[in-house]
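Worksheet: one structure, shown below.
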Amino acid sequence: MKKGFAILAIALLVIGTLAMTGCEKKPVGTIKIGGIWPLGDITGRQGSMAAQLAIEEINAAGGVMVDGGKKLLELVVVDDELKADKAAAAVEKLVTVDGVEVLVGGMASGAELGKIPAFKKYGLPVVSTGAASYTVENALGGDASWYFHLHPWDYNQGASYAEGWAAIQEKFPDIKIEKLFLAYEEGAFGKASWDATKVLFGGGGYVIDGAPFKSAALGGGDYASVLEAAKKFGPDLFLWAGYDADALPMLEQAKAMKFNPGVYLGAPPGWPADFGKSKLAENVMLYGMWAPSMNDTNVASKKFYDGFVAKFKEEPATYFAPLSYSAIYIVAEAISAAKTTEKAALISALAATSYDSPLGETISFSKSNVIPYQGIRRQKILQWQNGRQEVIWPFEAATESPVHPFPAW
Amino acid sequence: MNRNLLRALAFAAGALAVSLPAFAGAYPLQVARNVIMYMALALTWDMLLRSGQISFGIAGLFGLGAYATALGVLRAGMGDWLSLAFAPVFAGAAALLIGFLILRLRAMYFSIVTLALAEIFRIVIHNLHDFTGGPEGVVLDGVMLGGSAAALYWLTLGGLAVALGASWWFEKSKFHFALTAIRNNETAARSSGVDIFRWLLATFVITSAIQGLLGGIYVQSYGFATPDSVFDANFTLLPLAIALLGGIHSTIGPVFGAILLGLSSEWLKLRLPYGHLVVYGVIIVVVILFMPQGLYGLARKGLRRAEGRAE
């Protein structure tokens, strides 16, 4: 009898030990990720939705392996309202009340600047999806080893445009760009674009001119003088930096004035929802990071797109959606690699990131001008063709060849 | 209400405000800082309103003070405290010069000119790229007081104390009689010997200096200044909404308004992340439409009625 009990006890211990070490555990507990976006803006709204989609996909696949067990991820989202003080309060709330272990999100540089003192105070890993202004990295400083910046800095973007146009001209010899005209909205965004364009294209053998206009988004909407100046200059590339409200009215006035540059390119932060449906939109070029047409060539893009549309019954209309989706996957992969959420180990794992993103490139981090961990460095050059945004450059992500010149009216 | 009871309540509220860091965490302190900042701005707006002049220039003077502090540190090598002291001096001096030009205007003409102030200052800052950093703004080496949540809360509370003190002084000094007389009937006030321009200029300079000080505190609390952030229209519109909600022509009204609007805004944001601004906007519109005298006015009316019934 005693022998029987002993055998049973040993058997139970062996089975228990095997179960402890060899079998996959059910998820216990959650790891909280704090997300801060401007939820009243489409970039933040769809960015946070895409992040939630990523969380659900990861949890459906069993979560992440931590400390020998599986844990689910939980996203806690707070609106920064595009304000520095509200953004700072969001960080404080997420860290001290919700107890998040990683922070993601961000869009406007002004709001990001407001978060930086709190970021520095806590030193938690941050995977930032926004903030293009170089002032943000100046405020972070070179020792911000906990800050992983996905979005390209403004100087990265400008350099990638110069690189892209040089590559396009080399590959398509019928496209010749020597004279460039920038119509820029008179606010901070447009002026910064003008300053960057002068610096980046000025030294590249281009002849540059430009003029400001008052954006329709800010009470303007008459582009006659800026288009007249552009027409007189006769640019090979006409670039406008304004807001979505300027997109169609400016095109209509350009058509009325028979202004027909070789390349007509817009660089607003977002486009009107139905811009592609307008006949005027055909062959207009734009800068961006992602377009639904990439689903044809990129598996990760299609997976993201299909998941987003199935869950939210709307199309992702901004690249902040796949960018935020990527941020969550990057965090999840780093946690799984580190097998812990301990700060130093997680930061090391994030630094070693190599993630095949829906944005058509593998994201990894390396040093920027100031901070140690910069992710994406290039924007894409796209073109509206048959109502779709097609990627023209980089060529490895291209979905179509450029149509040139901009059709005569 | 019994005056002693009011004093006791004010003392208790003050003690609670000062001791808040002893029992509140970093998040409540940050929310409190935001509430206090807008409360102080609302008070300064209301102080000028007591003369009947509606100013839309709060963001302009706030931004001017913010840049005075930031550039004082970066370009003139000032210490943190000196740069903070420089902000009200600079904003006040600017208000003195502007005041000579615009304080002859009345009603909507004065309001329109003050509305343009923020935009003019923003454009000037925007275009002095080498000195002000242009549209990208400027970044300080760090935030004041080592970024301590409690210390920064007390710093902002100090700004509020200045605004509250000035507002209380306006209520208890000749300012009250002069500004009320100007608001009620300028001709009658002038014939009674009130030097209208002098009183208006003094009020404009004092309120602008406080707005400048608050701008300086903002910059030292967040460590940066950009034209889009410190000249943001919210620094004009929210103080207006706060004062109107709480009740105008008083010190207590903007205090109530800021607490109510500030806390409800944060609470709504946490409960309705994707729709809170709509609800927040509707609340402001409804209150201003149906309670034009504000909460303080409503409370006073209720108290008077209760006292009437008791008699």
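Quick note on naming: the chains in the structure tokens go A, B, ... in the order shown, residues restart at 1 in each chain, and ligands are numbered from 1 in order of appearance.
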
- Message: as a PyMOL selection string, please: the residues near Asn260 in chain A (cut-off 8 Å, only C-alpha atoms, same-chain neighbours under 6 positions excluded).
- Response: chain A and resi 231+254+406-409

Those residues with C-alpha atoms, as an mmCIF file, in the first residue's frame please?
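Here's the written file selection.cif:
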```cif
data_model
loop_
_atom_site.group_PDB
_atom_site.id
_atom_site.type_symbol
_atom_site.label_atom_id
_atom_site.label_comp_id
_atom_site.auth_asym_id
_atom_site.auth_seq_id
_atom_site.Cartn_x
_atom_site.Cartn_y
_atom_site.Cartn_z
ATOM 1 C CA LYS A 231 2.985 79.551 -64.316
ATOM 2 C CA ALA A 254 -4.843 75.445 -62.040
ATOM 3 C CA PHE A 406 0.979 65.853 -66.036
ATOM 4 C CA PRO A 407 -1.810 65.700 -68.652
ATOM 5 C CA ALA A 408 -2.690 68.879 -70.513
ATOM 6 C CA TRP A 409 -6.079 70.234 -69.542
#
```

- Message: With 6 Å as the limit and counting only C-alpha atoms, what residues in chain A lie close to chain B? Please list them as a ChimeraX atom specification.
- Response: /A:39,89,92-93,114,188

- Judged by only C-alpha atoms, the minimum distance to Trp168 in chain B among B:Val35, B:Val73, B:Leu298, B:Ile252 is found for B:Ile252

- Message: Env of Ala209 in chain B: 6 Å cut, atoms = only C-alpha atoms, seq-sep filter 6 positions within chain, self excluded. Answer as a list in words.
- Response: Pro88, Ala91 and Gly92 of chain B

- Item | Pairwise distance for CA of Ala90 in chain A and CA of Gly44 in chain A, rounded to one decimal in Å |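 Separation of CA of Ala90 in chain A and CA of Gly44 in chain A: 14.1 Å.
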
- Task: Determine the nearest neighbour of Leu263 in chain B from the options B:Ile242, B:Ala95, B:Leu64, B:Ala116, counting only C-alpha atoms.
- Result: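 Looking only at the distances to Leu263 in chain B, the closest residue turns out to be B:Ile242.
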
- Task: Looking only at strand (DSSP E or B) from DSSP on the backbone, list the matching residues of range 49-277 of chain A as a PyMOL selection string.
- Result: chain A and resi 64-66+69-79+102-105+126-128+147-149+179-185+207-213+237-241+263-266

Next, dump the selected residues to file, keeping only N, CA and C atoms, as a compact mmCIF listing (two decimals), in the first residue's frame.
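Saved result, out13.txt, follows:
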```
# COMPACT_ATOMS: atom_id res chain seq x y z
N VAL A 64 1.96 37.06 -25.63
CA VAL A 64 3.43 37.07 -25.68
C VAL A 64 3.98 36.24 -24.52
N MET A 65 5.14 35.63 -24.76
CA MET A 65 5.75 34.78 -23.73
C MET A 65 6.61 35.65 -22.80
N VAL A 66 6.26 35.64 -21.54
CA VAL A 66 7.00 36.44 -20.55
C VAL A 66 7.24 35.62 -19.30
N GLY A 69 5.76 32.27 -18.98
CA GLY A 69 4.32 32.08 -19.17
C GLY A 69 3.78 33.02 -20.22
N LYS A 70 2.58 32.73 -20.71
CA LYS A 70 2.00 33.60 -21.74
C LYS A 70 1.15 34.68 -21.10
N LYS A 71 1.29 35.87 -21.65
CA LYS A 71 0.47 36.98 -21.16
C LYS A 71 -0.20 37.67 -22.33
N LEU A 72 -1.38 38.19 -22.08
CA LEU A 72 -2.08 38.95 -23.11
C LEU A 72 -1.66 40.41 -23.04
N LEU A 73 -1.85 41.11 -24.14
CA LEU A 73 -1.56 42.55 -24.17
C LEU A 73 -2.85 43.34 -23.98
N GLU A 74 -2.72 44.48 -23.35
CA GLU A 74 -3.87 45.35 -23.17
C GLU A 74 -3.46 46.77 -23.55
N LEU A 75 -4.27 47.40 -24.40
CA LEU A 75 -3.96 48.76 -24.84
C LEU A 75 -4.84 49.75 -24.10
N VAL A 76 -4.23 50.71 -23.43
CA VAL A 76 -4.99 51.78 -22.77
C VAL A 76 -4.73 53.06 -23.56
N VAL A 77 -5.79 53.62 -24.14
CA VAL A 77 -5.63 54.78 -25.03
C VAL A 77 -6.09 56.06 -24.34
N VAL A 78 -5.30 57.12 -24.48
CA VAL A 78 -5.69 58.44 -23.97
C VAL A 78 -5.50 59.46 -25.09
N ASP A 79 -6.45 60.37 -25.19
CA ASP A 79 -6.43 61.42 -26.21
C ASP A 79 -5.50 62.55 -25.77
N VAL A 102 4.95 50.07 -21.40
CA VAL A 102 5.50 50.63 -22.64
C VAL A 102 4.54 51.70 -23.11
N LEU A 103 5.07 52.74 -23.77
CA LEU A 103 4.22 53.78 -24.33
C LEU A 103 4.37 53.78 -25.85
N VAL A 104 3.25 53.95 -26.55
CA VAL A 104 3.30 54.08 -28.01
C VAL A 104 2.46 55.29 -28.42
N GLY A 105 2.52 55.64 -29.70
CA GLY A 105 1.64 56.69 -30.22
C GLY A 105 2.36 57.98 -30.51
N VAL A 126 9.53 53.92 -25.17
CA VAL A 126 8.52 54.64 -25.95
C VAL A 126 8.74 54.28 -27.42
N VAL A 127 7.67 53.83 -28.09
CA VAL A 127 7.75 53.62 -29.54
C VAL A 127 6.85 54.68 -30.16
N SER A 128 7.48 55.69 -30.74
CA SER A 128 6.75 56.87 -31.20
C SER A 128 6.35 56.74 -32.67
N TYR A 147 13.83 55.87 -26.28
CA TYR A 147 12.90 56.45 -27.26
C TYR A 147 13.17 55.86 -28.64
N PHE A 148 12.17 55.15 -29.18
CA PHE A 148 12.29 54.50 -30.48
C PHE A 148 11.34 55.22 -31.44
N HIS A 149 11.92 55.96 -32.37
CA HIS A 149 11.14 56.85 -33.23
C HIS A 149 10.91 56.18 -34.58
N LYS A 179 13.58 72.78 -62.90
CA LYS A 179 12.98 73.93 -62.21
C LYS A 179 11.85 73.44 -61.29
N LEU A 180 11.91 73.89 -60.06
CA LEU A 180 10.97 73.42 -59.05
C LEU A 180 10.30 74.63 -58.39
N PHE A 181 8.98 74.58 -58.29
CA PHE A 181 8.25 75.68 -57.64
C PHE A 181 7.45 75.11 -56.47
N LEU A 182 7.59 75.76 -55.32
CA LEU A 182 6.83 75.33 -54.13
C LEU A 182 5.80 76.39 -53.76
N ALA A 183 4.52 76.00 -53.80
CA ALA A 183 3.45 76.84 -53.26
C ALA A 183 3.21 76.37 -51.84
N TYR A 184 3.44 77.22 -50.87
CA TYR A 184 3.34 76.77 -49.47
C TYR A 184 2.36 77.63 -48.68
N GLU A 185 1.58 76.94 -47.85
CA GLU A 185 0.64 77.69 -46.99
C GLU A 185 1.47 78.53 -46.02
N VAL A 207 16.73 74.69 -59.96
CA VAL A 207 16.37 76.11 -59.85
C VAL A 207 15.05 76.15 -59.08
N ILE A 208 15.07 76.88 -57.98
CA ILE A 208 13.89 76.82 -57.08
C ILE A 208 13.25 78.19 -56.94
N ASP A 209 11.94 78.19 -56.94
CA ASP A 209 11.19 79.40 -56.61
C ASP A 209 9.98 78.97 -55.79
N GLY A 210 9.37 79.92 -55.13
CA GLY A 210 8.20 79.57 -54.32
C GLY A 210 7.42 80.80 -53.93
N ALA A 211 6.20 80.59 -53.47
CA ALA A 211 5.36 81.69 -53.00
C ALA A 211 4.34 81.13 -52.02
N PRO A 212 3.97 81.96 -51.03
CA PRO A 212 2.99 81.48 -50.04
C PRO A 212 1.55 81.69 -50.50
N PHE A 213 0.64 80.95 -49.88
CA PHE A 213 -0.79 81.17 -50.10
C PHE A 213 -1.51 80.94 -48.78
N LEU A 237 8.47 70.75 -61.95
CA LEU A 237 7.79 70.12 -60.82
C LEU A 237 7.12 71.22 -60.00
N PHE A 238 5.81 71.12 -59.87
CA PHE A 238 5.06 72.05 -59.03
C PHE A 238 4.65 71.29 -57.78
N LEU A 239 5.10 71.78 -56.63
CA LEU A 239 4.79 71.13 -55.35
C LEU A 239 4.01 72.09 -54.48
N TRP A 240 2.92 71.62 -53.90
CA TRP A 240 2.21 72.48 -52.95
C TRP A 240 2.18 71.83 -51.58
N ALA A 241 2.40 72.65 -50.57
CA ALA A 241 2.38 72.18 -49.18
C ALA A 241 1.28 72.95 -48.46
N VAL A 263 5.17 67.86 -63.53
CA VAL A 263 4.76 67.07 -62.36
C VAL A 263 3.96 67.99 -61.43
N TYR A 264 2.78 67.54 -61.05
CA TYR A 264 1.93 68.29 -60.11
C TYR A 264 1.86 67.44 -58.85
N LEU A 265 2.44 67.95 -57.78
CA LEU A 265 2.63 67.12 -56.59
C LEU A 265 2.13 67.83 -55.34
N GLY A 266 1.37 67.13 -54.52
CA GLY A 266 0.86 67.70 -53.28
C GLY A 266 1.46 67.02 -52.06
```

- Query: Looking at A:Arg378, A:Lys171, A:Lys120, A:Arg388, which one is nearest to Tyr287 in chain A, with distances taken over only C-alpha atoms?
  - Reply: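 For Tyr287 in chain A, the nearest of the candidates is A:Arg378.
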
- Selection near range 194-204 of chain A, 7 Å with only C-alpha atoms, sequence-local residues under 2 positions removed, as a ChimeraX atom specification: /A:158-159,162,182,184,190-192,206,208

Take the selection from the previous step and output its residues with N, CA and C atoms, as a PDB file, in the first residue's frame.
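Below is the file result.pdb, written as the result:
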```pdb
ATOM      1  N   GLY A 158      12.789  65.156 -46.263  1.00  0.00           N
ATOM      2  CA  GLY A 158      13.295  66.014 -47.338  1.00  0.00           C
ATOM      3  C   GLY A 158      14.385  65.313 -48.134  1.00  0.00           C
ATOM      4  N   ALA A 159      15.280  64.643 -47.409  1.00  0.00           N
ATOM      5  CA  ALA A 159      16.383  63.952 -48.094  1.00  0.00           C
ATOM      6  C   ALA A 159      15.849  62.822 -48.963  1.00  0.00           C
ATOM      7  N   ALA A 162      14.492  64.210 -52.253  1.00  0.00           N
ATOM      8  CA  ALA A 162      15.591  64.533 -53.179  1.00  0.00           C
ATOM      9  C   ALA A 162      16.160  63.245 -53.783  1.00  0.00           C
ATOM     10  N   LEU A 182       7.590  75.765 -55.319  1.00  0.00           N
ATOM     11  CA  LEU A 182       6.829  75.333 -54.134  1.00  0.00           C
ATOM     12  C   LEU A 182       5.796  76.389 -53.761  1.00  0.00           C
ATOM     13  N   TYR A 184       3.436  77.222 -50.866  1.00  0.00           N
ATOM     14  CA  TYR A 184       3.340  76.774 -49.466  1.00  0.00           C
ATOM     15  C   TYR A 184       2.364  77.625 -48.680  1.00  0.00           C
ATOM     16  N   GLY A 190       3.718  75.092 -43.769  1.00  0.00           N
ATOM     17  CA  GLY A 190       4.151  75.458 -45.119  1.00  0.00           C
ATOM     18  C   GLY A 190       5.519  76.109 -45.120  1.00  0.00           C
ATOM     19  N   LYS A 191       5.746  76.996 -44.141  1.00  0.00           N
ATOM     20  CA  LYS A 191       7.024  77.712 -44.081  1.00  0.00           C
ATOM     21  C   LYS A 191       8.177  76.717 -43.834  1.00  0.00           C
ATOM     22  N   ALA A 192       7.926  75.739 -42.957  1.00  0.00           N
ATOM     23  CA  ALA A 192       8.961  74.729 -42.681  1.00  0.00           C
ATOM     24  C   ALA A 192       9.258  73.927 -43.955  1.00  0.00           C
ATOM     25  N   TYR A 206      19.113  72.227 -58.856  1.00  0.00           N
ATOM     26  CA  TYR A 206      17.741  72.626 -59.196  1.00  0.00           C
ATOM     27  C   TYR A 206      17.609  74.143 -59.113  1.00  0.00           C
ATOM     28  N   ILE A 208      15.067  76.875 -57.976  1.00  0.00           N
ATOM     29  CA  ILE A 208      13.894  76.817 -57.079  1.00  0.00           C
ATOM     30  C   ILE A 208      13.254  78.190 -56.936  1.00  0.00           C
TER      31      ILE A 208
END
```

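CA of Gly57 in chain B lies 26.3 Å from CA of Trp154 in chain B.
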
- Query: What lies within 6 Å of Val391 in chain A using only C-alpha atoms, ignoring chain neighbours under 6 positions off, as a PyMOL selection string?
  - Reply: chain A and resi 382+398-399

Save the residues we just selected, C-alpha atoms, as a tab-separated table (two decimals), in the first residue's frame?
```
chain	number	residue	atom	x	y	z
A	382	LEU	CA	3.00	58.11	-55.00
A	398	ALA	CA	6.54	50.37	-56.44
A	399	THR	CA	3.13	49.31	-57.64
```

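Proximity ranking of B:Ala24, B:Leu43, B:Leu245, B:Leu200 relative to Gly262 in chain B places B:Leu245 first, based on only C-alpha atoms.
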
For range 9-59 of chain B versus range 172-190 of chain B, which residues have an atom no more than 9 Å away, and what is each residue's nearest atom pair and distance in Å rounded to one decimal, using only C-alpha atoms, chain-then-number order, as a Markdown table?
```
| residue | atom | partner | partner_atom | distance |
| --- | --- | --- | --- | --- |
| B:Leu48 | CA | B:Leu179 | CA | 8.3 |
| B:Leu49 | CA | B:Arg183 | CA | 8.5 |
| B:Arg50 | CA | B:Leu179 | CA | 5.8 |
| B:Ser51 | CA | B:Leu179 | CA | 4.3 |
| B:Gly52 | CA | B:Arg183 | CA | 4.5 |
| B:Gln53 | CA | B:Arg183 | CA | 7.9 |
```

- Message: Which residue is closest to Lys258 in chain A? Choose from A:Val370, A:Ile392, A:Ala230, A:Ala273 and count only C-alpha atoms.
- Response: A:Ala230

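Residues lying within 8 Å of Val331 in chain A, counting only C-alpha atoms and ignoring same-chain neighbours fewer than 2 positions away, are Val102, Val127, Ala327, Ile328, Tyr329, Glu333, Ala334, Ile335 and Leu350 of chain A.
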
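Note that the spacing between CA of Asp85 in chain A and CA of Val18 in chain B amounts to 20.7 Å.
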
- Query: If you count only C-alpha atoms, which residues fall within 12 Å of Ala144 in chain A, apart from same-chain ones fewer than 6 positions away, as a list of chain:residue names?
  - Reply: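 The residues that qualify are A:Ile116, A:Pro117, A:Phe119, A:Lys120, A:Lys121, A:Tyr122, A:Gly123, A:Leu124, A:Pro125, A:Val126, A:Val127, A:Val136, A:Glu137, A:Asn138, A:Ile347, A:Lys367, A:Ser368, A:Val370, A:Ile371, A:Pro372, A:Tyr373, A:Gln374.
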
- Run DSSP on the backbone and give me the residues of range 98-136 of chain B it puts in helix (DSSP H, G or I), as a PyMOL selection string. chain B and resi 98-102+107-127+129-132+134-136

- Query: Which residue out of A:Gln379, A:Gln385, A:Ser326, A:Ser336 has the minimum interatomic distance to Asp67 in chain A when only C-alpha atoms are used?
  - Reply: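 The answer is A:Ser336, which sits nearest to Asp67 in chain A.
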